[in-house]
Each structure stands twice: as C-alpha cells, then as structure tokens.
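Here is start_11.cif, consisting of mmCIF, C-alpha atoms and all ligand atoms:
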data_entry
loop_
_atom_site.label_atom_id
_atom_site.label_comp_id
_atom_site.auth_asym_id
_atom_site.auth_seq_id
_atom_site.Cartn_x
_atom_site.Cartn_y
_atom_site.Cartn_z
CA MET A 30 24.43 -8.35 5.72
CA GLN A 31 20.66 -8.84 5.27
CA GLU A 32 19.47 -7.28 2.01
CA ALA A 33 15.97 -6.45 0.74
CA ILE A 34 14.20 -5.17 -2.37
CA ILE A 35 10.92 -3.21 -2.34
CA LEU A 36 8.84 -3.04 -5.54
CA VAL A 37 7.56 0.51 -5.84
CA GLY A 38 7.33 1.09 -9.59
CA GLY A 39 3.55 0.68 -10.08
CA LYS A 40 1.34 3.61 -11.09
CA GLY A 41 -1.22 3.05 -8.34
CA THR A 42 -4.11 3.56 -10.80
CA ARG A 43 -6.76 2.33 -8.34
CA LEU A 44 -5.80 5.18 -5.99
CA ARG A 45 -6.15 8.03 -8.49
CA PRO A 46 -6.32 10.99 -8.16
CA LEU A 47 -4.14 10.63 -5.00
CA THR A 48 -1.44 8.95 -7.11
CA ASN A 49 -1.51 11.57 -9.91
CA HIS A 50 1.43 13.38 -8.33
CA THR A 51 2.55 10.95 -5.61
CA PRO A 52 3.46 7.26 -5.98
CA LYS A 53 1.26 4.99 -3.85
CA PRO A 54 4.04 4.10 -1.34
CA LEU A 55 4.69 7.80 -0.65
CA LEU A 56 1.08 8.61 0.31
CA GLY A 57 0.64 9.47 3.98
CA VAL A 58 -0.87 6.94 6.36
CA ALA A 59 -0.94 7.38 10.15
CA GLY A 60 1.36 10.38 10.05
CA SER A 61 4.17 9.06 7.77
CA SER A 62 4.51 8.05 4.15
CA PHE A 63 3.46 4.41 3.83
CA ILE A 64 6.90 3.34 2.65
CA ARG A 65 8.50 4.65 5.86
CA HIS A 66 6.40 2.20 7.89
CA GLN A 67 7.65 -0.64 5.67
CA VAL A 68 11.27 0.52 5.85
CA ALA A 69 11.06 0.76 9.65
CA LYS A 70 9.75 -2.82 9.74
CA LEU A 71 12.60 -4.02 7.51
CA MET A 72 15.17 -2.27 9.71
CA ALA A 73 13.63 -3.85 12.82
CA ALA A 74 14.11 -7.25 11.09
CA GLY A 75 17.83 -6.53 10.63
CA VAL A 76 17.91 -5.30 7.01
CA GLU A 77 21.00 -3.17 6.39
CA HIS A 78 20.89 -2.69 2.61
CA LEU A 79 17.65 -1.90 0.76
CA VAL A 80 17.14 -1.57 -3.00
CA PHE A 81 14.10 0.36 -4.22
CA ALA A 82 12.86 -0.91 -7.59
CA THR A 83 11.39 2.33 -8.93
CA SER A 84 9.83 3.50 -12.18
CA TYR A 85 6.76 5.77 -11.88
CA LEU A 86 7.81 9.16 -10.38
CA ALA A 87 11.12 7.54 -9.39
CA ASP A 88 12.86 10.78 -8.29
CA LEU A 89 10.38 11.27 -5.45
CA PHE A 90 11.74 8.20 -3.63
CA GLU A 91 15.25 9.64 -3.64
CA ASP A 92 13.85 12.94 -2.33
CA GLU A 93 11.99 11.12 0.47
CA PHE A 94 15.06 9.18 1.68
CA ARG A 95 17.84 11.72 1.18
CA SER A 96 19.78 11.84 4.50
CA PHE A 97 17.57 9.13 6.05
CA SER A 98 19.51 6.94 8.51
CA ARG A 99 23.09 5.76 8.91
CA ASP A 100 21.84 2.30 9.83
CA LEU A 101 20.37 1.63 6.40
CA GLU A 102 22.08 1.88 3.06
CA ILE A 103 19.60 2.59 0.25
CA SER A 104 20.15 1.95 -3.49
CA TYR A 105 17.82 2.76 -6.37
CA ALA A 106 17.23 0.55 -9.40
CA VAL A 107 15.32 2.82 -11.78
CA GLU A 108 13.37 1.29 -14.69
CA GLU A 109 13.04 3.71 -17.60
CA VAL A 110 10.24 1.45 -18.84
CA PRO A 111 8.47 -0.69 -16.20
CA LEU A 112 9.88 -4.23 -16.27
CA GLY A 113 6.99 -5.97 -14.51
CA THR A 114 7.33 -7.42 -11.02
CA GLY A 115 9.81 -10.17 -12.02
CA GLY A 116 11.88 -7.89 -14.26
CA ALA A 117 11.98 -5.32 -11.44
CA ILE A 118 13.30 -7.90 -8.97
CA ARG A 119 15.96 -9.05 -11.46
CA ASN A 120 16.97 -5.48 -12.24
CA ALA A 121 17.21 -4.54 -8.54
CA GLY A 122 19.22 -7.73 -7.95
CA ARG A 123 22.14 -6.22 -9.90
CA LEU A 124 22.71 -3.87 -6.96
CA LEU A 125 22.81 -6.58 -4.27
CA ARG A 126 26.15 -7.42 -2.67
CA GLY A 127 25.57 -10.79 -1.00
CA PRO A 128 26.77 -14.19 -2.28
CA SER A 129 24.68 -16.34 -4.65
CA ASP A 130 23.14 -18.39 -1.82
CA ALA A 131 22.20 -15.36 0.32
CA PRO A 132 18.51 -14.97 1.26
CA VAL A 133 17.02 -11.74 -0.15
CA LEU A 134 13.76 -10.29 1.19
CA VAL A 135 11.42 -8.90 -1.48
CA LEU A 136 8.31 -6.87 -0.65
CA ASN A 137 5.46 -5.40 -2.66
CA GLY A 138 5.35 -1.71 -1.85
CA ASP A 139 1.71 -1.55 -0.75
CA ILE A 140 1.34 -4.25 1.92
CA LEU A 141 0.61 -3.47 5.57
CA SER A 142 1.41 -6.65 7.43
CA GLY A 143 2.09 -7.92 10.91
CA VAL A 144 4.14 -10.88 9.70
CA ASP A 145 7.38 -11.61 11.57
CA LEU A 146 9.98 -11.18 8.80
CA ARG A 147 12.67 -12.94 10.82
CA ALA A 148 10.41 -16.00 11.06
CA VAL A 149 9.96 -16.05 7.26
CA LEU A 150 13.75 -15.86 6.84
CA GLU A 151 14.29 -18.63 9.40
CA GLN A 152 11.80 -20.93 7.70
CA HIS A 153 13.45 -20.25 4.32
CA GLU A 154 16.85 -21.29 5.71
CA ALA A 155 15.50 -24.32 7.57
CA ARG A 156 13.84 -25.67 4.40
CA ARG A 157 16.79 -24.77 2.16
CA ALA A 158 14.18 -23.22 -0.11
CA ASP A 159 14.67 -21.54 -3.47
CA VAL A 160 11.82 -19.17 -2.66
CA THR A 161 9.61 -18.78 0.41
CA LEU A 162 6.34 -16.88 0.05
CA HIS A 163 4.40 -15.35 2.90
CA LEU A 164 0.79 -16.50 2.47
CA THR A 165 -2.41 -15.34 4.12
CA ARG A 166 -6.09 -16.29 3.92
CA VAL A 167 -8.76 -13.86 2.69
CA ALA A 168 -12.54 -14.03 2.33
CA ASP A 169 -12.49 -13.19 -1.39
CA PRO A 170 -9.25 -14.31 -3.09
CA ARG A 171 -10.13 -13.21 -6.64
CA ALA A 172 -8.02 -10.04 -6.64
CA PHE A 173 -4.87 -11.89 -5.59
CA GLY A 174 -2.46 -14.69 -6.48
CA LEU A 175 -3.81 -18.04 -5.26
CA VAL A 176 -1.21 -20.36 -3.75
CA PRO A 177 -2.31 -23.88 -2.74
CA THR A 178 0.25 -25.80 -0.65
CA ASP A 179 0.62 -29.43 0.50
CA GLY A 180 0.85 -30.60 4.13
CA SER A 181 4.54 -29.71 4.32
CA GLY A 182 3.93 -26.16 3.04
CA ARG A 183 5.33 -26.89 -0.42
CA VAL A 184 3.70 -24.72 -3.08
CA LEU A 185 1.61 -26.77 -5.54
CA ALA A 186 0.60 -24.02 -7.97
CA PHE A 187 0.50 -20.25 -8.42
CA LEU A 188 -2.68 -18.85 -10.02
CA GLU A 189 -2.61 -15.07 -10.42
CA LYS A 190 -6.03 -13.35 -10.34
CA PRO A 191 -8.25 -16.35 -11.15
CA LYS A 192 -10.93 -15.64 -13.75
CA THR A 193 -13.33 -18.55 -13.15
CA ALA A 194 -14.92 -20.13 -10.08
CA GLU A 195 -13.10 -23.42 -10.87
CA GLU A 196 -9.75 -21.62 -10.61
CA CYS A 197 -10.55 -20.47 -7.06
CA VAL A 198 -9.04 -23.61 -5.56
CA THR A 199 -8.04 -22.05 -2.23
CA ASP A 200 -8.51 -18.95 -0.08
CA GLN A 201 -4.76 -18.92 0.60
CA ILE A 202 -3.09 -16.05 -1.26
CA ASN A 203 0.29 -14.56 -2.04
CA ALA A 204 0.81 -11.85 0.58
CA GLY A 205 3.41 -9.95 -1.49
CA CYS A 206 6.44 -10.78 0.70
CA TYR A 207 9.07 -13.27 -0.44
CA VAL A 208 12.52 -14.58 0.40
CA PHE A 209 14.54 -15.50 -2.70
CA ARG A 210 17.81 -17.35 -2.77
CA ARG A 211 19.89 -14.80 -4.67
CA SER A 212 20.89 -17.20 -7.48
CA VAL A 213 17.17 -17.88 -8.18
CA LEU A 214 16.46 -14.17 -8.48
CA ASP A 215 19.52 -13.70 -10.75
CA ALA A 216 18.13 -16.37 -13.12
CA ILE A 217 15.04 -14.27 -14.03
CA PRO A 218 15.42 -13.08 -17.68
CA ALA A 219 17.03 -9.65 -17.86
CA ASP A 220 16.15 -8.64 -21.40
CA ARG A 221 12.36 -8.19 -21.22
CA GLU A 222 9.31 -7.54 -19.05
CA VAL A 223 8.59 -10.42 -16.65
CA SER A 224 5.73 -10.98 -14.19
CA VAL A 225 6.93 -12.80 -11.08
CA GLU A 226 3.34 -13.95 -10.48
CA GLN A 227 2.47 -15.12 -13.99
CA GLU A 228 5.83 -16.46 -15.10
CA THR A 229 8.55 -16.84 -12.46
CA PHE A 230 6.57 -18.55 -9.68
CA PRO A 231 4.50 -20.89 -11.91
CA GLY A 232 7.71 -21.77 -13.81
CA LEU A 233 9.66 -22.57 -10.64
CA VAL A 234 6.83 -24.77 -9.35
CA ALA A 235 6.52 -26.58 -12.72
CA ARG A 236 10.27 -27.29 -12.74
CA GLY A 237 10.12 -28.81 -9.24
CA GLY A 238 11.88 -25.90 -7.51
CA ARG A 239 11.89 -25.75 -3.72
CA VAL A 240 9.10 -23.17 -3.33
CA PHE A 241 7.47 -23.06 0.12
CA GLY A 242 4.68 -21.08 1.71
CA HIS A 243 4.81 -19.52 5.18
CA THR A 244 1.13 -19.13 6.08
CA THR A 245 0.17 -16.89 9.00
CA ALA A 246 -2.98 -15.31 10.43
CA ASP A 247 -1.26 -12.01 11.23
CA TYR A 248 -2.83 -8.68 10.34
CA TRP A 249 -2.58 -8.20 6.56
CA ARG A 250 -3.94 -5.68 4.07
CA ASP A 251 -3.06 -4.58 0.51
CA LEU A 252 -3.52 -0.79 0.50
CA GLY A 253 -4.12 -0.59 -3.26
CA THR A 254 -7.76 0.62 -3.21
CA PRO A 255 -9.17 3.76 -1.55
CA LEU A 256 -11.18 1.91 1.09
CA ALA A 257 -8.30 -0.44 1.97
CA PHE A 258 -6.03 2.59 2.14
CA VAL A 259 -8.16 4.47 4.70
CA HIS A 260 -8.79 1.30 6.69
CA GLY A 261 -5.06 0.51 6.81
CA SER A 262 -4.24 4.00 8.06
CA ALA A 263 -7.01 3.84 10.69
CA ASP A 264 -5.82 0.40 11.83
CA LEU A 265 -2.32 1.77 12.44
CA VAL A 266 -3.72 4.62 14.56
CA THR A 267 -6.08 2.44 16.61
CA GLY A 268 -3.42 -0.23 17.13
CA ARG A 269 -5.05 -3.07 15.14
CA ALA A 270 -1.99 -2.91 12.90
CA ALA A 271 1.48 -2.19 14.27
CA SER A 272 4.33 -0.01 13.01
CA PRO A 273 7.52 1.03 14.78
CA LEU A 274 6.61 4.61 13.74
CA VAL A 275 3.19 4.84 15.42
CA GLY A 276 2.71 5.61 19.13
CA PRO A 277 0.22 3.99 21.51
CA PRO A 278 -3.29 3.16 20.20
CA ALA A 279 -5.49 6.25 19.78
CA GLU A 280 -8.86 7.33 18.39
CA ALA A 281 -7.17 9.85 16.11
CA LEU A 282 -3.81 11.25 15.10
CA ILE A 283 -4.01 15.02 14.97
CA HIS A 284 -0.96 16.95 13.82
CA PRO A 285 0.14 19.55 16.38
CA THR A 286 -0.27 22.34 13.80
CA ALA A 287 -3.87 21.35 12.95
CA THR A 288 -6.81 23.18 14.56
CA VAL A 289 -9.77 21.06 15.66
CA ASP A 290 -12.81 22.77 17.14
CA PRO A 291 -13.64 21.32 20.61
CA THR A 292 -17.16 20.39 19.40
CA ALA A 293 -15.81 18.31 16.45
CA ARG A 294 -15.52 14.50 16.74
CA VAL A 295 -12.47 12.88 15.15
CA THR A 296 -12.76 9.12 15.59
CA GLY A 297 -12.06 5.61 14.30
CA GLY A 298 -8.33 6.13 13.75
CA SER A 299 -8.64 9.24 11.58
CA THR A 300 -5.59 11.32 10.73
CA ILE A 301 -5.65 15.12 10.54
CA GLY A 302 -2.67 16.59 8.70
CA PRO A 303 -0.49 19.64 9.34
CA GLY A 304 -2.27 22.99 9.16
CA ALA A 305 -5.73 21.46 8.64
CA VAL A 306 -8.71 23.28 10.17
CA ILE A 307 -11.69 21.26 11.41
CA GLY A 308 -14.76 23.38 12.22
CA PRO A 309 -17.48 23.13 14.87
CA HIS A 310 -19.68 19.97 15.02
CA VAL A 311 -17.72 18.29 12.23
CA VAL A 312 -17.50 14.47 12.29
CA VAL A 313 -14.40 12.81 10.82
CA ASP A 314 -14.55 9.03 11.13
CA ARG A 315 -11.99 6.47 9.89
CA SER A 316 -10.65 9.01 7.38
CA ILE A 317 -7.51 10.78 6.25
CA VAL A 318 -7.61 14.58 6.10
CA GLY A 319 -4.52 15.99 4.44
CA GLU A 320 -2.33 19.04 4.91
CA ARG A 321 -4.05 22.44 5.00
CA VAL A 322 -7.51 20.98 4.35
CA THR A 323 -10.40 23.00 5.77
CA VAL A 324 -13.66 21.36 6.86
CA ALA A 325 -16.52 23.73 7.64
CA GLU A 326 -19.15 23.49 10.37
CA GLY A 327 -21.29 20.37 10.55
CA ALA A 328 -19.64 18.48 7.67
CA ARG A 329 -19.40 14.68 8.02
CA ILE A 330 -16.54 12.68 6.55
CA HIS A 331 -16.67 8.87 6.73
CA GLU A 332 -14.06 6.41 5.41
CA SER A 333 -12.72 9.02 2.98
CA VAL A 334 -9.47 10.66 1.94
CA VAL A 335 -9.38 14.42 1.48
CA ASP A 336 -6.09 15.31 -0.15
CA HIS A 337 -4.00 18.36 0.69
CA ASP A 338 -5.33 21.91 0.22
CA ALA A 339 -8.91 20.78 -0.45
CA SER A 340 -11.89 22.34 1.33
CA ILE A 341 -15.20 20.86 2.41
CA GLY A 342 -18.22 23.14 2.93
CA SER A 343 -20.58 23.19 5.89
CA GLU A 344 -23.08 20.32 6.36
CA THR A 345 -21.56 18.39 3.43
CA ILE A 346 -21.46 14.58 3.69
CA LEU A 347 -18.70 12.36 2.24
CA ARG A 348 -18.74 8.54 2.36
CA GLU A 349 -15.92 6.38 0.98
CA ALA A 350 -14.92 9.37 -1.13
CA VAL A 351 -11.57 10.44 -2.50
CA VAL A 352 -11.25 14.19 -2.87
CA GLY A 353 -8.28 15.31 -4.96
CA CYS A 354 -5.91 18.06 -3.87
CA HIS A 355 -7.04 21.70 -4.21
CA SER A 356 -10.67 20.63 -4.77
CA HIS A 357 -13.58 22.44 -3.21
CA VAL A 358 -16.86 20.78 -2.25
CA GLY A 359 -19.33 23.54 -1.41
CA ALA A 360 -21.80 23.54 1.47
CA GLU A 361 -24.70 21.08 1.81
CA ASN A 362 -23.56 18.52 -0.73
CA GLU A 363 -24.00 14.78 -0.21
CA LEU A 364 -21.62 12.96 -2.49
CA PRO A 365 -22.52 9.43 -3.64
CA ALA A 366 -20.41 6.74 -1.99
CA GLN A 367 -17.13 5.84 -3.72
CA LEU A 368 -17.01 9.08 -5.66
CA ARG A 369 -13.56 10.26 -6.75
CA LEU A 370 -13.12 13.95 -7.28
CA SER A 371 -10.22 14.94 -9.53
CA CYS A 372 -7.65 17.47 -8.39
CA GLY A 373 -8.80 21.10 -8.48
CA ILE A 374 -12.53 20.38 -9.11
CA ARG A 375 -15.16 22.72 -7.62
CA ILE A 376 -18.66 21.58 -6.67
CA PRO A 377 -20.94 24.52 -5.82
CA ALA A 378 -23.06 24.65 -2.68
CA GLN A 379 -26.06 22.29 -2.80
CA GLY A 380 -24.79 20.86 -6.10
CA VAL A 381 -25.10 17.12 -5.45
CA ARG A 382 -27.42 15.06 -3.21
CA VAL A 383 -28.00 11.35 -2.87
CA SER A 384 -30.88 11.34 -0.42
CA GLY A 385 -33.51 13.74 0.88
CA THR A 386 -34.64 16.84 -0.89
CA ALA A 387 -32.58 18.70 -3.45
CA ALA A 388 -32.38 22.46 -3.09
CA ALA A 389 -35.27 24.54 -4.46
CA CYS A 390 -34.97 25.40 -8.18
CA PRO A 391 -33.28 28.81 -8.45
CA THR A 392 -34.55 29.55 -11.99
CA ALA A 393 -37.92 31.06 -12.90
CA HIS A 394 -40.41 28.77 -14.79
N1 LIG A 401 9.54 -1.60 -10.11
C1 LIG A 401 8.35 -2.05 -10.53
N2 LIG A 401 8.16 -2.28 -11.86
N3 LIG A 401 7.39 -2.28 -9.61
C2 LIG A 401 6.19 -2.73 -10.06
C3 LIG A 401 5.92 -2.98 -11.42
C4 LIG A 401 6.97 -2.72 -12.37
O1 LIG A 401 6.83 -2.89 -13.58
N4 LIG A 401 4.64 -3.42 -11.52
C5 LIG A 401 4.14 -3.46 -10.27
N5 LIG A 401 5.08 -3.04 -9.38
C6 LIG A 401 4.96 -2.98 -7.92
C7 LIG A 401 3.80 -2.11 -7.40
O2 LIG A 401 4.25 -0.80 -7.18
C8 LIG A 401 3.42 -2.83 -6.10
O3 LIG A 401 4.21 -2.40 -5.02
C9 LIG A 401 3.77 -4.29 -6.37
O4 LIG A 401 4.67 -4.30 -7.49
C10 LIG A 401 2.54 -5.16 -6.68
O5 LIG A 401 1.78 -4.54 -7.69
P1 LIG A 401 0.21 -4.29 -7.51
O6 LIG A 401 -0.24 -3.57 -8.72
O7 LIG A 401 -0.07 -3.71 -6.19
O8 LIG A 401 -0.31 -5.79 -7.62
P2 LIG A 401 -1.62 -6.44 -7.00
O9 LIG A 401 -1.93 -5.90 -5.68
O10 LIG A 401 -2.69 -6.39 -8.03
O11 LIG A 401 -1.18 -8.00 -6.86
C11 LIG A 401 0.04 -8.35 -6.22
O12 LIG A 401 -0.08 -8.28 -4.81
C12 LIG A 401 -1.04 -9.22 -4.23
C13 LIG A 401 -0.99 -9.03 -2.73
O13 LIG A 401 -1.46 -7.79 -2.40
C14 LIG A 401 0.42 -9.77 -6.65
O14 LIG A 401 1.73 -10.02 -6.18
C15 LIG A 401 -0.56 -10.81 -6.11
O15 LIG A 401 -0.11 -12.13 -6.40
C16 LIG A 401 -0.69 -10.67 -4.60
O16 LIG A 401 -1.67 -11.58 -4.08
MG MG A 402 -1.21 -4.33 -4.53
#

Rewrite the coordinates I just gave you, this time as structure tokens.
Ligand code: GDD
Ligand code: MG
Amino acid sequence: MQEAIILVGGKGTRLRPLTNHTPKPLLGVAGSSFIRHQVAKLMAAGVEHLVFATSYLADLFEDEFRSFSRDLEISYAVEEVPLGTGGAIRNAGRLLRGPSDAPVLVLNGDILSGVDLRAVLEQHEARRADVTLHLTRVADPRAFGLVPTDGSGRVLAFLEKPKTAEECVTDQINAGCYVFRRSVLDAIPADREVSVEQETFPGLVARGGRVFGHTTADYWRDLGTPLAFVHGSADLVTGRAASPLVGPPAEALIHPTATVDPTARVTGGSTIGPGAVIGPHVVVDRSIVGERVTVAEGARIHESVVDHDASIGSETILREAVVGCHSHVGAENELPAQLRLSCGIRIPAQGVRVSGTAAACPTAH
C-alpha cells in the first residue's frame, strides 16, 4: 500500500489576512481548496493511505475531508505545538503502516507541481536511496533550499534559505516533495522540534546517506505568497498547470451561482466564486474573487484576491491586492500595489489614490 504524508501545519503568515481563519492549504484555487488538488494528484499516483501533519487550525482539515472517498484512507497527526517540518514528518510517521523499508511520499502542503510522482518513486527504488528529493530550477533561489548534486544526481549539500551571495551555489532547489525510506524517517528525533531542511537533510548528507535528487523542468510553484497564489490558481484554470479536478483550459472559472454582467471581462484564468456579483464594465484579470463578493460597475481587479463577502465599489482599481473577508472598498479608490486589507476594513469612496488627481477637498478653508 503506497502511503504519503502532507505537511500542513504552517500558519501561512505571508498569506494573511486570507489565512487568519483558513489554513493555507484550505484556501480556494481554481474552484477547490488547494489541498484537494494535491490529494487528487496523490490518489492518481496510487496513494491509498494519507497522513495529514496538522497543527494550525487542525480541526478544519478533518471537516474538509469528512466522508471524502472510499479509495483513500486519511489519518491525522495533530501537533499541539508545531514540531517543525522534520518533527512533523516523524510524528506523522507513527501512523504509517508499511514496513521499515517502504517508500513514503512526503509533500509540503503549498506546492503546485506537474512532477510525475510515480517517476520519483521509481527513481528512489532504482537507486536504493534513503531519501529522494524532487528538485527544480528557479531564477531566484534565495527563498528556497539550495540542493547541489553531482553528475549521478547524488545530493552534495542542502543549504536552506542562503543569506549571502557566496552561499547561492546553484539555482537548483528543493521542490518540497520527497520519498523517504520509512526507517530513515523513523530515525528523526521524536522529543523536540526538528527542521528537515536545516537538520535532517544536511545531517544525512554529512553522514554519507544515500540522498538523491530527481530534477525536472515540470511546472512548479510554491503558493506561499499572494502573487504566487493568484498565479497558481490562474495557471490551473488556463491549463498551464494541471490538476485532475480542473476541466479543459479556460479564460475563467465562473461558479454557476455567480452573476456576471455581459459587459464585464473576466480573463487570465480568474475564478469567480459562488454567489458573487460582477457588475457592468468590470475587468477581473488573473484574480480570485471569493464567495458572495460584489464588484460594482467599472471596477478593475488585476492579480488580486478578494476574499468572501467583501465588496468593491464602482471604478475602483486593485493591483496585486489582498482584500480580507467582509471588507468594503468604496467607489473610485486606487489601492497601491501589494496592499493587504485586513478583514472587515472599510475604505470610503475616493479615500485612496496612487495616480491622477485626488478628489476635491470637501472641507471649507
Ligand atoms: N505539521 C507541520 N508542523 N507543518 C509545518 C510546520 C510544522 O511545524 N512548519 C511548516 N510546516 C509546513 C507548511 O504548512 C508547509 O506546507 C510546509 O511545511 C513548508 O513550509 P513553508 O513555510 O511553506 O516553507 P517554505 O516555503 O519557506 O520553504 C520550504 O519549501 C520550499 C519549496 O517551496 C522548504 O522546504 C524549502 O527548502 C523549499 O525549497
Ligand atoms: Mg512554502
């Protein structure tokens, strides 16, 4: 029986305020919670038993997967106090059933990836590896774990989040998907917090363990920041990224209960959630508009997330913005790029502008 662990205990701080009430893996992308896309991919690769390593808002995962599918057994390893990525893997390992030499898939809970999981498993077996890491190449590796390999794919070092230019020895990074031989995972210390990136992997390499990389050029994105999150969702809708849960490539995914005025343009892989109302001449491009959101006439929303029950006034412009749930942005605002609006905030009409003329002064001088 193929088993897997998904690490979903992080707080998702870079995605606040969206993650104030919802863990990052349960946020909606392309019409489903992100974690459902990952679970569907694991099932397609033959996984029959999955352990969620949870901590932050742990109960919500059990709510999401109650009565899910007979083809997948799901267990929950809940950390009262977060154990770090290595501690979480070790803790979840207690619930595995396979023998000590069984290969166990381990995934970070925020990776959208086109990698062929069966191929990673096959390479792991063929090399009789202790651990196999999926690796990918990125333009700027500084936010990731750097993993140089030799000509045979053997891992030479593991450098998590390099601080200096000298440490940036490669553009090849840890893609957050591993196969562990079960006995290797069971050897991680169980009595304290452990980082798999800062302790387990560098330690295994230093001790001469059989740690190999499986480098591919498949689609890959970590959805941990707002812009990456909206781009990942849009890529699923337009077909750049694949998921068993998404239909044929489209310009937009509009929920059947949403109302979109015929003069509005919803493009670039945008998602419009249940009950949302999109007014005349609105532009929504490469964005996620949540449940029951209303967008008034002429507003323009680019590369942004508008969380459930928020409202956007007429002629307002959002760029790379995150608007928290139940917020209201009045008419004729232009929010600065990358602004995050907390849940329940109200911006009056003509309150904020980046360019052009501000509204006339309403007070007497
Ligand atoms: N259960 C549990 N407990 N899960 C945790 C904990 C914990 O204490 N800490 C983090 N996680 C989970 C997060 O929920 C996420 O799914 C995953 O572990 C990785 O954490 P991130 O916070 O997203 O890490 P990152 O993106 O900065 O870096 C990681 O991913 C990169 C690839 O995207 C590292 O693994 C890097 O080496 C890697 O390159
Ligand atoms: Mg991440």

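Remark: for ligand LIG 401 (chain A), the closest of the candidate residues A:His50, A:Arg294, A:Arg99, A:Arg43 is A:Arg43 (distances computed over all atoms listed in the file).
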
Atom CA of Cys354 of chain A and atom CA of Arg382 of chain A are how many Å apart?
21.7 Å

Around ligand MG 402 (chain A), out to 12 Å and counting only C-alpha atoms and all ligand atoms, which residues are there? I want them as a PyMOL selection string.
chain A and resi 36-44+53-54+114+136-141+172-174+190+203-206+249-255+257-258

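Remark: for Thr267 of chain A, the closest of the candidate residues A:Gly298, A:Pro291, A:Pro128, A:Gly342 is A:Gly298 (distances computed over only C-alpha atoms).
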
Val149 of chain A proximity check over A:Thr245, A:Ile202, A:Phe81, A:Val110, using all atoms listed in the file: winner is A:Thr245

Could you give me, as an NGL selection string, the residues within 10 Å of Asp220 of chain A, counting only C-alpha atoms and dropping anything in the same chain fewer than 6 positions from it?
:A and (112 or 116 or 119-120)

Name the closest residue to Leu150 of chain A among the candidates A:Asp88, A:Glu32, A:Asp215, A:Asp169; distances are taken between atoms, counting all atoms listed in the file.
A:Glu32

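Nearest to ligand LIG 401 (chain A) of all the residues A:Arg166, A:Arg183, A:Arg156, A:His357 is A:Arg166, counting only C-alpha atoms and all ligand atoms.
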
I'd like the contact shell of Ala328 of chain A - 10 Å cut-off, only C-alpha atoms, skipping same-chain residues fewer than 2 positions apart - returned as number ranges by chain.
A: 293, 307-313, 324-326, 330, 341-347, 360-363

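Note that the spacing between atom C6 of ligand LIG 401 (chain A) and atom CA of Ile118 of chain A amounts to 9.7 Å.
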
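Among the candidates A:Gly276, A:Pro391, A:Gly359, A:Gly302, the residue lying nearest to Val335 of chain A is A:Gly302 (atoms considered: all atoms listed in the file).
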
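For the pair atom CA of Tyr105 of chain A and atom CA of Gly60 of chain A, the separation is 24.5 Å.
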
Need the shell around Gln152 of chain A: protein/DNA/RNA residues with any atom at most 12 Å away, counting all atoms listed in the file. Skip same-chain ones fewer than 5 positions apart. Format as a ChimeraX atom specification?
/A:132,145-147,157-163,181-183,207-208,240-244

For the point (-13.2, 11.7, -7.0) in file coordinates, what residues are within 8 Å, counting all atoms listed in the file? Give the answer as a ChimeraX atom specification?
/A:46,350-353,367-371

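Near Gly122 of chain A, within 9 Å and counting all atoms listed in the file, sit A:Ile34, A:Val80, A:Ala106, A:Ala117, A:Arg211, A:Leu214, A:Asp215, not including residues fewer than 5 positions from it in the same chain.
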
Once 6 Å is added on each side, what are the centre and the three edge lengths, in Å to one decimal, of the axis-aligned box enclosing the listed atoms of ligand LIG 401 (chain A)? Present them as AutoDock Vina command-line options.
--center_x 3.4 --center_y -6.5 --center_z -8.0 --size_x 24.2 --size_y 23.3 --size_z 23.2

Would you kindly identify which residues have an atom no farther than 12 Å from (10.9, -25.7, -9.7), using only C-alpha atoms and the file's own coordinates, and write them out as a compact mmCIF listing (two decimals) with C-alpha atoms, in the frame of the given file?
# COMPACT_ATOMS: atom_id res chain seq x y z
CA ALA A 158 14.18 -23.22 -0.11
CA ASP A 159 14.67 -21.54 -3.47
CA VAL A 160 11.82 -19.17 -2.66
CA ARG A 183 5.33 -26.89 -0.42
CA VAL A 184 3.70 -24.72 -3.08
CA LEU A 185 1.61 -26.77 -5.54
CA ALA A 186 0.60 -24.02 -7.97
CA PHE A 187 0.50 -20.25 -8.42
CA VAL A 213 17.17 -17.88 -8.18
CA GLU A 228 5.83 -16.46 -15.10
CA THR A 229 8.55 -16.84 -12.46
CA PHE A 230 6.57 -18.55 -9.68
CA PRO A 231 4.50 -20.89 -11.91
CA GLY A 232 7.71 -21.77 -13.81
CA LEU A 233 9.66 -22.57 -10.64
CA VAL A 234 6.83 -24.77 -9.35
CA ALA A 235 6.52 -26.58 -12.72
CA ARG A 236 10.27 -27.29 -12.74
CA GLY A 237 10.12 -28.81 -9.24
CA GLY A 238 11.88 -25.90 -7.51
CA ARG A 239 11.89 -25.75 -3.72
CA VAL A 240 9.10 -23.17 -3.33
CA PHE A 241 7.47 -23.06 0.12

Would you mind completing segment 320-331 of chain A to N, CA and C atoms and writing the output as a compact mmCIF listing (two decimals), keeping the file's coordinate frame?
# COMPACT_ATOMS: atom_id res chain seq x y z
N GLU A 320 -2.91 17.75 4.50
CA GLU A 320 -2.33 19.04 4.91
C GLU A 320 -3.18 20.20 4.43
N ARG A 321 -3.37 21.16 5.31
CA ARG A 321 -4.05 22.44 5.00
C ARG A 321 -5.48 22.29 4.50
N VAL A 322 -6.09 21.15 4.73
CA VAL A 322 -7.51 20.98 4.35
C VAL A 322 -8.38 21.76 5.34
N THR A 323 -9.46 22.38 4.84
CA THR A 323 -10.40 23.00 5.77
C THR A 323 -11.75 22.28 5.66
N VAL A 324 -12.36 22.03 6.81
CA VAL A 324 -13.66 21.36 6.86
C VAL A 324 -14.59 22.27 7.67
N ALA A 325 -15.65 22.73 7.00
CA ALA A 325 -16.52 23.73 7.64
C ALA A 325 -17.57 23.08 8.54
N GLU A 326 -18.23 23.90 9.32
CA GLU A 326 -19.15 23.49 10.37
C GLU A 326 -20.14 22.40 9.93
N GLY A 327 -20.25 21.38 10.74
CA GLY A 327 -21.29 20.37 10.55
C GLY A 327 -21.03 19.36 9.43
N ALA A 328 -19.91 19.46 8.74
CA ALA A 328 -19.64 18.48 7.67
C ALA A 328 -19.36 17.12 8.30
N ARG A 329 -19.65 16.04 7.53
CA ARG A 329 -19.40 14.68 8.02
C ARG A 329 -18.57 13.92 7.00
N ILE A 330 -17.46 13.37 7.45
CA ILE A 330 -16.54 12.68 6.55
C ILE A 330 -16.33 11.27 7.08
N HIS A 331 -16.78 10.27 6.29
CA HIS A 331 -16.67 8.87 6.73
C HIS A 331 -15.81 8.09 5.74
